[in-house]
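As structure tokens, the structure follows; a few thoughts come after it.
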Amino acid sequence: MAWAFMILIPVALALYAGLRSMETLRPFIKNYRGLLDSTLVFVGLFSIYKWIPVSKVQTSKAIYGSLIAGFGLMALKGSFSYLMKTFFMINKIYGSMAAIPLFLLHILFFWYVVLIGAAFVASLHKTKAI
């Protein structure tokens, strides 16, 4: 099942990027960009949390983990864009040099949020109803 995700996820992301760049769809996508991005993040995380593990994961537990990680990723995206705008306005030279470590920290925190969501789903999976 993992090989299907390795093939389908890059194809889906390429299709999404292509659709976002089309001139005819640009007004629609401009109005609903946040909704489309958050939906894509939720569906991607849900598919990872639901179908990648070897054990069977209940759909509701994968939804809870996807919602938590999705909100975390949207907050991380907003904070990263705020930091990049702030650092680039301070100084053109040093702000651009600060972009590299900020980007690396963004990648690190991105994977922390994804792994926290996976750990949350795993902890829900291991608990039993009382």
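Identifiers for the structure tokens are assigned positionally: chains receive A, B, ... in sequence, residues are indexed from 1 per chain, and ligands are indexed from 1 in the order shown.
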
(request) Write out as number ranges by chain which residues come within 8 Å of A:Phe46 when counting only C-alpha atoms, dropping same-chain ones fewer than 6 positions away. (result) A: 62-63, 65-66

Write out as a Markdown table the residues of stretch 18-86 of chain A that have any atom within 7 Å of an atom of stretch 105-119 of chain A, one row each with the nearest atom pair and its distance in Å to one decimal, counting only C-alpha atoms, sorted by chain and then rising number.
| residue | atom | partner | partner_atom | distance |
| --- | --- | --- | --- | --- |
| A:Tyr49 | CA | A:Ala118 | CA | 6.4 |
| A:Gly65 | CA | A:Gly117 | CA | 4.9 |
| A:Ser66 | CA | A:Gly117 | CA | 6.6 |
| A:Ile68 | CA | A:Gly117 | CA | 6.4 |
| A:Ala69 | CA | A:Gly117 | CA | 5.0 |
| A:Gly72 | CA | A:Val113 | CA | 6.3 |
| A:Leu73 | CA | A:Phe110 | CA | 6.6 |
| A:Phe80 | CA | A:His106 | CA | 6.9 |

(request) Fewer than 4 positions away in the same chain doesn't count, so skip those; otherwise give me all residues within 12 Å of A:Leu19, counting only C-alpha atoms, as a list of chain:residue names. (result)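 Counting only the stated atoms, we get A:Ala12, A:Leu13, A:Ala14, A:Leu15, A:Glu23, A:Thr24, A:Leu25, A:Arg26, A:Pro27, A:Phe28, A:Ile29, A:Lys30, A:Arg33, A:Leu36.
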
Export C-alpha atoms of the chosen residues as a compact mmCIF listing (two decimals), in the first residue's frame?
# COMPACT_ATOMS: atom_id res chain seq x y z
CA ALA A 12 -1.89 14.58 -6.87
CA LEU A 13 0.34 17.44 -5.74
CA ALA A 14 1.43 18.09 -9.33
CA LEU A 15 -2.19 18.14 -10.49
CA GLU A 23 -5.70 31.29 -15.65
CA THR A 24 -9.35 30.26 -15.96
CA LEU A 25 -9.51 28.83 -12.43
CA ARG A 26 -7.43 31.55 -10.76
CA PRO A 27 -10.39 33.72 -9.58
CA PHE A 28 -12.12 30.71 -8.01
CA ILE A 29 -8.94 29.40 -6.39
CA LYS A 30 -8.02 32.88 -5.14
CA ARG A 33 -7.36 29.07 -1.46
CA LEU A 36 -8.59 24.14 -0.69

Residues at most 12 Å from A:Met89, counting only C-alpha atoms, excluding those fewer than 6 positions away in the same chain, as a PDB file with N, CA and C atoms, in the first residue's frame?
ATOM      1  N   TYR A  82       4.471  34.689   8.440  1.00  0.00           N
ATOM      2  CA  TYR A  82       4.665  35.920   9.215  1.00  0.00           C
ATOM      3  C   TYR A  82       6.152  36.154   9.504  1.00  0.00           C
ATOM      4  N   LEU A  83       6.857  35.104   9.899  1.00  0.00           N
ATOM      5  CA  LEU A  83       8.288  35.252  10.186  1.00  0.00           C
ATOM      6  C   LEU A  83       9.078  35.628   8.938  1.00  0.00           C
ATOM      7  N   GLY A  95      18.237  39.396   6.235  1.00  0.00           N
ATOM      8  CA  GLY A  95      16.953  38.715   6.201  1.00  0.00           C
ATOM      9  C   GLY A  95      16.958  37.539   5.249  1.00  0.00           C
ATOM     10  N   SER A  96      17.641  37.698   4.111  1.00  0.00           N
ATOM     11  CA  SER A  96      17.705  36.584   3.168  1.00  0.00           C
ATOM     12  C   SER A  96      18.616  35.480   3.684  1.00  0.00           C
ATOM     13  N   ALA A  98      18.796  34.729   6.818  1.00  0.00           N
ATOM     14  CA  ALA A  98      18.009  34.085   7.871  1.00  0.00           C
ATOM     15  C   ALA A  98      16.950  33.156   7.293  1.00  0.00           C
ATOM     16  N   ALA A  99      16.698  33.254   6.006  1.00  0.00           N
ATOM     17  CA  ALA A  99      15.660  32.420   5.395  1.00  0.00           C
ATOM     18  C   ALA A  99      16.033  30.940   5.412  1.00  0.00           C
TER      19      ALA A  99
END

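Going from atom CA of A:Leu8 over to atom CA of A:Met74, you cover 22.7 Å.
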